[in-house]
Structures are given as C-alpha cells and as structure tokens.
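Enquirer: Sharing work.txt below, compact mmCIF, C-alpha atoms:
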```txt
# COMPACT_ATOMS: atom_id res chain seq x y z
CA MET A 1 -12.26 -47.62 -182.67
CA LYS A 2 -9.75 -49.46 -184.84
CA LYS A 3 -10.37 -52.69 -182.91
CA VAL A 4 -14.12 -52.26 -183.34
CA ALA A 5 -13.67 -51.78 -187.10
CA ILE A 6 -11.60 -54.95 -187.33
CA LEU A 7 -14.20 -56.92 -185.41
CA LEU A 8 -16.97 -55.62 -187.63
CA GLY A 9 -14.98 -56.62 -190.68
CA LEU A 10 -14.64 -60.11 -189.30
CA ALA A 11 -18.34 -60.19 -188.53
CA MET A 12 -19.25 -59.30 -192.09
CA GLY A 13 -16.86 -61.96 -193.32
CA TRP A 14 -18.73 -64.49 -191.19
CA ALA A 15 -22.01 -63.24 -192.60
CA GLN A 16 -20.74 -63.92 -196.10
CA THR A 17 -19.08 -67.27 -195.50
CA GLY A 18 -20.67 -68.90 -192.47
CA VAL A 19 -24.33 -68.76 -193.48
CA THR A 20 -24.15 -69.17 -197.24
CA ALA A 21 -24.77 -72.92 -197.49
CA GLU A 22 -27.85 -73.55 -199.61
CA ALA A 23 -28.65 -69.85 -199.58
CA ASN A 24 -30.94 -70.38 -202.58
CA LEU A 25 -33.15 -72.93 -200.77
CA ALA A 26 -36.52 -71.18 -200.70
CA GLY A 27 -38.81 -71.78 -197.74
CA ASP A 28 -42.59 -72.13 -197.99
CA ALA A 29 -44.31 -70.52 -195.00
CA ALA A 30 -47.61 -72.30 -195.64
CA ALA A 31 -45.88 -75.68 -195.68
CA GLY A 32 -43.87 -74.68 -192.63
CA LYS A 33 -47.01 -74.03 -190.58
CA ALA A 34 -47.80 -77.73 -190.52
CA GLN A 35 -44.19 -78.55 -189.59
CA VAL A 36 -44.11 -76.32 -186.50
CA VAL A 37 -47.19 -77.60 -184.66
CA VAL A 38 -45.03 -79.49 -182.18
CA CYS A 39 -42.89 -76.37 -181.65
CA SER A 40 -45.82 -74.46 -180.16
CA ALA A 41 -45.49 -76.16 -176.78
CA CYS A 42 -42.31 -74.19 -176.09
CA HIS A 43 -42.20 -71.40 -178.67
CA GLY A 44 -45.89 -70.51 -178.96
CA ALA A 45 -48.19 -71.19 -181.89
CA ASP A 46 -46.99 -68.08 -183.70
CA GLY A 47 -43.40 -68.25 -182.47
CA ASN A 48 -43.88 -65.84 -179.56
CA SER A 49 -42.75 -67.86 -176.57
CA ALA A 50 -44.27 -66.93 -173.24
CA VAL A 51 -41.43 -68.53 -171.29
CA PRO A 52 -38.19 -66.48 -170.98
CA THR A 53 -35.94 -69.54 -171.34
CA PHE A 54 -37.41 -70.38 -174.76
CA PRO A 55 -36.62 -67.92 -177.55
CA LYS A 56 -39.17 -66.01 -179.55
CA LEU A 57 -38.84 -67.14 -183.18
CA ALA A 58 -41.52 -64.90 -184.66
CA GLY A 59 -40.14 -62.18 -186.92
CA GLN A 60 -36.66 -63.63 -186.82
CA GLY A 61 -34.65 -63.54 -190.06
CA GLU A 62 -35.31 -66.54 -192.27
CA LYS A 63 -31.63 -67.06 -193.08
CA TYR A 64 -30.63 -67.02 -189.43
CA LEU A 65 -33.45 -69.36 -188.42
CA TYR A 66 -32.56 -71.85 -191.13
CA LYS A 67 -28.91 -71.93 -190.06
CA GLN A 68 -29.79 -72.41 -186.40
CA LEU A 69 -32.30 -75.17 -187.13
CA LYS A 70 -29.76 -76.92 -189.33
CA ASP A 71 -26.98 -76.51 -186.75
CA ILE A 72 -29.22 -77.93 -184.02
CA ARG A 73 -30.29 -80.88 -186.16
CA ASP A 74 -26.71 -81.64 -187.19
CA GLY A 75 -25.20 -81.21 -183.72
CA ALA A 76 -23.21 -78.04 -184.43
CA ARG A 77 -25.30 -76.26 -181.80
CA PRO A 78 -26.26 -78.64 -178.99
CA VAL A 79 -29.51 -77.61 -177.28
CA PRO A 80 -30.64 -80.21 -174.74
CA THR A 81 -34.30 -79.15 -174.87
CA MET A 82 -34.26 -79.61 -178.66
CA ALA A 83 -32.82 -83.13 -178.56
CA GLY A 84 -34.61 -85.26 -181.15
CA GLN A 85 -37.04 -82.52 -182.14
CA LEU A 86 -35.55 -82.04 -185.60
CA ASP A 87 -34.52 -85.62 -186.30
CA GLY A 88 -35.72 -86.69 -189.72
CA LYS A 89 -36.35 -83.15 -190.92
CA SER A 90 -35.00 -82.46 -194.39
CA ASN A 91 -33.27 -79.23 -195.33
CA GLN A 92 -36.45 -78.23 -197.14
CA ASP A 93 -38.50 -78.90 -194.00
CA LEU A 94 -36.18 -76.65 -192.02
CA ALA A 95 -36.37 -73.93 -194.67
CA ASN A 96 -40.17 -74.11 -194.56
CA MET A 97 -40.19 -73.85 -190.76
CA ALA A 98 -37.84 -70.86 -190.94
CA ALA A 99 -40.07 -69.17 -193.51
CA TYR A 100 -43.15 -69.65 -191.33
CA PHE A 101 -41.63 -68.18 -188.18
CA ALA A 102 -40.03 -65.34 -190.16
CA SER A 103 -43.48 -64.41 -191.50
CA GLN A 104 -44.98 -63.96 -188.02
CA ALA A 105 -45.02 -60.69 -186.07
CA SER A 106 -42.85 -60.54 -182.97
CA THR A 107 -44.23 -59.22 -179.70
CA GLY A 108 -42.32 -56.54 -177.81
CA GLY A 109 -40.16 -56.60 -174.72
CA GLN A 110 -39.15 -54.24 -171.93
CA THR A 111 -35.88 -52.84 -170.59
CA ASP A 112 -35.18 -52.73 -166.88
CA PRO A 113 -34.77 -48.98 -166.13
CA ALA A 114 -31.96 -49.76 -163.69
CA LEU A 115 -29.95 -51.35 -166.52
CA LEU A 116 -30.83 -48.89 -169.27
CA ALA A 117 -27.75 -46.63 -169.20
CA LEU A 118 -25.18 -49.42 -169.08
CA GLY A 119 -27.05 -51.55 -171.60
CA GLU A 120 -27.35 -48.71 -174.08
CA ALA A 121 -23.66 -47.85 -173.75
CA VAL A 122 -22.58 -51.41 -174.52
CA TYR A 123 -25.14 -51.94 -177.28
CA ARG A 124 -24.37 -48.71 -179.12
CA GLY A 125 -20.70 -48.16 -178.37
CA GLY A 126 -19.23 -51.52 -177.39
CA ILE A 127 -16.14 -51.64 -175.19
CA PRO A 128 -13.18 -51.22 -177.59
CA GLU A 129 -10.47 -51.79 -174.99
CA ARG A 130 -11.91 -55.26 -174.37
CA ASN A 131 -12.62 -56.11 -178.02
CA VAL A 132 -16.36 -55.79 -177.45
CA ALA A 133 -17.93 -54.59 -180.68
CA ALA A 134 -21.04 -52.41 -180.67
CA CYS A 135 -24.07 -54.68 -180.98
CA ALA A 136 -25.85 -52.06 -183.10
CA ALA A 137 -23.40 -52.54 -185.96
CA CYS A 138 -24.64 -56.04 -186.77
CA HIS A 139 -28.01 -56.20 -185.04
CA SER A 140 -29.00 -52.66 -186.14
CA PRO A 141 -29.64 -49.62 -183.94
CA THR A 142 -33.28 -50.71 -183.59
CA GLY A 143 -32.40 -54.32 -182.77
CA LYS A 144 -34.12 -55.67 -185.88
CA GLY A 145 -30.96 -57.44 -187.02
CA ASN A 146 -29.82 -57.86 -190.60
CA ALA A 147 -31.87 -60.63 -192.19
CA PRO A 148 -29.96 -60.86 -195.52
CA ALA A 149 -26.63 -61.14 -193.67
CA GLY A 150 -27.97 -63.68 -191.18
CA PHE A 151 -27.64 -61.48 -188.10
CA PRO A 152 -30.53 -62.15 -185.72
CA ARG A 153 -33.23 -59.85 -184.43
CA LEU A 154 -32.81 -58.99 -180.73
CA ALA A 155 -35.64 -56.47 -180.30
CA GLY A 156 -38.47 -58.04 -178.32
CA GLN A 157 -36.50 -61.19 -177.53
CA HIS A 158 -36.57 -62.38 -173.93
CA ALA A 159 -33.75 -60.69 -172.01
CA ASP A 160 -33.11 -63.89 -170.08
CA TYR A 161 -32.62 -65.79 -173.33
CA ILE A 162 -30.27 -63.17 -174.81
CA ALA A 163 -28.22 -63.19 -171.60
CA ALA A 164 -28.07 -67.00 -171.62
CA GLN A 165 -26.76 -67.03 -175.19
CA LEU A 166 -24.12 -64.37 -174.45
CA THR A 167 -23.01 -66.42 -171.45
CA ALA A 168 -22.85 -69.54 -173.62
CA TYR A 169 -20.78 -67.71 -176.23
CA ARG A 170 -18.46 -66.41 -173.51
CA LYS A 171 -17.93 -69.97 -172.31
CA GLY A 172 -17.37 -71.09 -175.91
CA TYR A 173 -14.40 -68.74 -176.22
CA GLU A 174 -12.32 -71.17 -174.18
CA ASP A 175 -14.51 -74.25 -173.82
CA ALA A 176 -16.06 -76.11 -176.75
CA THR A 177 -19.00 -77.14 -174.58
CA GLY A 178 -20.19 -73.53 -174.78
CA ARG A 179 -21.86 -72.06 -177.86
CA ILE A 180 -19.43 -72.06 -180.78
CA ASN A 181 -21.55 -71.86 -183.95
CA ASP A 182 -20.71 -68.22 -184.73
CA GLY A 183 -18.36 -69.04 -187.62
CA ASP A 184 -14.60 -68.98 -188.05
CA SER A 185 -14.40 -65.28 -187.11
CA ARG A 186 -15.70 -66.13 -183.60
CA ILE A 187 -17.26 -62.67 -183.49
CA MET A 188 -19.82 -63.52 -180.82
CA ARG A 189 -17.36 -65.48 -178.69
CA ILE A 190 -14.83 -62.63 -178.81
CA THR A 191 -17.51 -60.06 -177.99
CA ALA A 192 -19.07 -62.05 -175.15
CA PHE A 193 -15.68 -62.91 -173.66
CA GLY A 194 -15.09 -59.22 -172.94
CA LEU A 195 -18.36 -58.74 -171.06
CA SER A 196 -18.92 -59.02 -167.33
CA ASP A 197 -22.02 -60.69 -165.89
CA LEU A 198 -23.56 -57.28 -165.19
CA GLU A 199 -22.81 -56.02 -168.70
CA ILE A 200 -24.39 -59.13 -170.19
CA GLN A 201 -27.54 -58.62 -168.13
CA ALA A 202 -27.66 -54.92 -169.03
CA VAL A 203 -27.15 -55.24 -172.76
CA ALA A 204 -29.61 -58.15 -172.91
CA SER A 205 -32.22 -56.09 -171.12
CA TYR A 206 -31.60 -53.08 -173.36
CA ALA A 207 -31.82 -55.12 -176.57
CA ALA A 208 -35.03 -56.81 -175.43
CA GLY A 209 -36.72 -53.44 -175.00
CA LEU A 210 -35.86 -52.09 -178.43
CA ASN A 211 -38.64 -51.71 -180.96
```
Let's see the structure in the file written out as structure tokens.

Expert:
Amino acid sequence: MKKVAILLGLAMGWAQTGVTAEANLAGDAAAGKAQVVVCSACHGADGNSAVPTFPKLAGQGEKYLYKQLKDIRDGARPVPTMAGQLDGKSNQDLANMAAYFASQASTGGQTDPALLALGEAVYRGGIPERNVAACAACHSPTGKGNAPAGFPRLAGQHADYIAAQLTAYRKGYEDATGRINDGDSRIMRITAFGLSDLEIQAVASYAAGLN
C-alpha cells in the first residue's frame, strides 16, 4: 500500500508539472471541427474510431488530447501512422482540435468475460509488490479519467489500443524507442513494466468495458 501511495504521489506530480505548458490556451470546438476533417479516415468523423488499432478520441479530456497532439507534432511521441499529419499545425490549431474531440460523446466498449476478474483486480487494486499502481486512482473507478489533471479516459476505448499503449510504455521503461511521454515521474512506464502480457490484456479489456 505504501508503494502504491508513493506512485500515486508521483503521478499527481506529473499531472501538475508535465501537462501544464500553455494550460490557459483555450480551444474552440467549432474551429476545431474544420481542422479534423482529415482525421475522420482513421478516427471517425466524431472521433469514434471503428478500427481497434486507432484510438477513440471522442469524449477524451481536452488537456490530455492537446498534450498528445503537441507531443506527436513535436516528435516527443512518435506515431508512425501520424507522420506528417500535424505538420504546420499551430498550438492554437491543436487546442481547437482537442476541444472538438473532447466535446463529442464516446461510444461504449465491452469486457471479455474470461478476463473480467483479473482485469478488475489489476484496475482497482494494482499489484503493489510489483510497483503496479491501481489504474482507478488516476483514471477514476468508472474509467472516465481526470480531465483537469490530464489523465485520459479509458472507458469505451478499444481494448486492443489500450493494450498496445501499455506494451509501448513497458518497452519505454528500458528502451527509448518505446512510449516515454509520461513525464519525469515515469508513472506509466513503471506501472506497465510490472505487468505481464496476460495482465495487460485483462486490464485493457476491463477498462474498455467500463461506462
């Protein structure tokens, strides 16, 4: 429990320091709608992707979306399928795009019954002996995330996508070619590093089915 508390403290520190740049930049959802037309091919017109490898952006926190868009544009989060897509976009453009997707309603997801028990145990209790913090602490018990803090919504997200990101964070713990844009606290890398392949699949499936 003590280890979990320490990890949560680090996570909140990241929320306060890693996502604060230009926090006062207000996005315009109406202006963002015109900016995201090209995004619909992969993410859906309203941000609800029909393809499990592409994330649902609808209903995601505006602060989180803005940071991810900015990180992708600036190379802090390499995403091969996004190469060149955000080139030339200003910070205001990105804020407008984030505001548009945040204003849309997210569709739901489902949990694989065979993975329910394990996924719920990891999501709600973590694995303290392996420094795996409870997902619910930052992403909320309902999976809706914490928009003001910049913690993303997981409820309704594609389980395959969640699992892919956890795997990328796990790789990033030791290898910079993995996902490493979780701030100086490395909260997601530390958490993912303690998860097995089965636990990643289970907790991703559980989170996807929350509503």

Enquirer: Using only C-alpha atoms, tabulate the residues of stretch 112-161 of chain A lying at most 9 Å from any atom of stretch 93-107 of chain A, each with its closest atom pair and that distance in Å to one decimal, by chain and increasing residue number, as a tab-separated table.

Expert:
```
residue	atom	partner	partner_atom	distance
A:Ala155	CA	A:Ser106	CA	8.7
A:Gly156	CA	A:Thr107	CA	6.0
A:Gln157	CA	A:Thr107	CA	8.3
```

Enquirer: Please identify every residue of stretch 75-181 of chain A that has at least one atom no farther than 6 Å from an atom of stretch 39-55 of chain A, counting all atoms listed in the file, and for each give the shortest atom pair and the distance in Å to one decimal, arranged by chain then increasing number, as CSV.

Expert:
```
residue,atom,partner,partner_atom,distance
A:Phe101,CA,A:Gly47,CA,6.0
A:His158,CA,A:Pro52,CA,5.3
A:Asp160,CA,A:Pro52,CA,5.8
A:Tyr161,CA,A:Thr53,CA,5.4
```

Enquirer: Could those residues be written to a file, using C-alpha atoms, as a PDB file, keeping the file's coordinate frame?

Expert:
```pdb
ATOM      1  CA  PHE A 101     -41.630 -68.180-188.180  1.00  0.00           C
ATOM      2  CA  HIS A 158     -36.570 -62.380-173.930  1.00  0.00           C
ATOM      3  CA  ASP A 160     -33.110 -63.890-170.080  1.00  0.00           C
ATOM      4  CA  TYR A 161     -32.620 -65.790-173.330  1.00  0.00           C
TER       5      TYR A 161
END
```

Enquirer: Taking all atoms listed in the file into account, name the residue in A:Lys70, A:Arg179, A:Lys144, A:Lys89 that is nearest to A:Gly209.

Expert: A:Lys144

Enquirer: Calculate how many Å separate atom CA of A:Ala137 from atom CA of A:Arg124, rounding to one decimal.

Expert: 7.9 Å

Enquirer: Calculated over only C-alpha atoms, which of the candidates A:Tyr123, A:Gly59, A:Val38, A:Gly183 has the smallest distance to A:Gly84?

Expert: A:Val38

Enquirer: For a test of reading the model, state the distance in Å between atom CA of A:Thr142 and atom CA of A:Glu120, rounded to one decimal.

Expert: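 Between atom CA of A:Thr142 and atom CA of A:Glu120 the gap works out to 11.4 Å.
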
Enquirer: Do you know which residues are at most 12 Å from A:Leu116 counting only C-alpha atoms, after dropping those on the same chain fewer than 5 positions away, and could you put them as a PyMOL selection string?

Expert: chain A and resi 110-111+121-124+198-199+201-210

Enquirer: Generate the output file for the selected residues, C-alpha atoms, as a PDB file, in the coordinates of the input.

Expert:
```pdb
ATOM      1  CA  GLN A 110     -39.150 -54.240-171.930  1.00  0.00           C
ATOM      2  CA  THR A 111     -35.880 -52.840-170.590  1.00  0.00           C
ATOM      3  CA  ALA A 121     -23.660 -47.850-173.750  1.00  0.00           C
ATOM      4  CA  VAL A 122     -22.580 -51.410-174.520  1.00  0.00           C
ATOM      5  CA  TYR A 123     -25.140 -51.940-177.280  1.00  0.00           C
ATOM      6  CA  ARG A 124     -24.370 -48.710-179.120  1.00  0.00           C
ATOM      7  CA  LEU A 198     -23.560 -57.280-165.190  1.00  0.00           C
ATOM      8  CA  GLU A 199     -22.810 -56.020-168.700  1.00  0.00           C
ATOM      9  CA  GLN A 201     -27.540 -58.620-168.130  1.00  0.00           C
ATOM     10  CA  ALA A 202     -27.660 -54.920-169.030  1.00  0.00           C
ATOM     11  CA  VAL A 203     -27.150 -55.240-172.760  1.00  0.00           C
ATOM     12  CA  ALA A 204     -29.610 -58.150-172.910  1.00  0.00           C
ATOM     13  CA  SER A 205     -32.220 -56.090-171.120  1.00  0.00           C
ATOM     14  CA  TYR A 206     -31.600 -53.080-173.360  1.00  0.00           C
ATOM     15  CA  ALA A 207     -31.820 -55.120-176.570  1.00  0.00           C
ATOM     16  CA  ALA A 208     -35.030 -56.810-175.430  1.00  0.00           C
ATOM     17  CA  GLY A 209     -36.720 -53.440-175.000  1.00  0.00           C
ATOM     18  CA  LEU A 210     -35.860 -52.090-178.430  1.00  0.00           C
TER      19      LEU A 210
END
```

Enquirer: As an exercise, work out the distance from atom CA of A:Phe193 to atom CA of A:Tyr173 in Å and give it to one decimal place.

Expert: 6.5 Å

Enquirer: In terms of the shortest atom-to-atom distance over only C-alpha atoms, which of A:Ala58, A:Ala163, A:Ala134, A:Ala117 is closest to A:Ile187?

Expert: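 Nearest to A:Ile187: A:Ala134.
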
Enquirer: Compile the contact shell of A:Ile200 as an NGL selection string: residues with an atom at most 9 Å away, counting only C-alpha atoms, same-chain residues fewer than 5 positions apart removed.

Expert: :A and (119 or 162-164 or 166-167 or 192 or 195 or 205)

Enquirer: Using all atoms listed in the file, pick whichever of A:Pro113, A:Asp197, A:Ile180, A:Met188 has the shortest atom-to-atom distance to A:Ile72.

Expert: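 Using all atoms listed in the file, the shortest distance to A:Ile72 belongs to A:Ile180.
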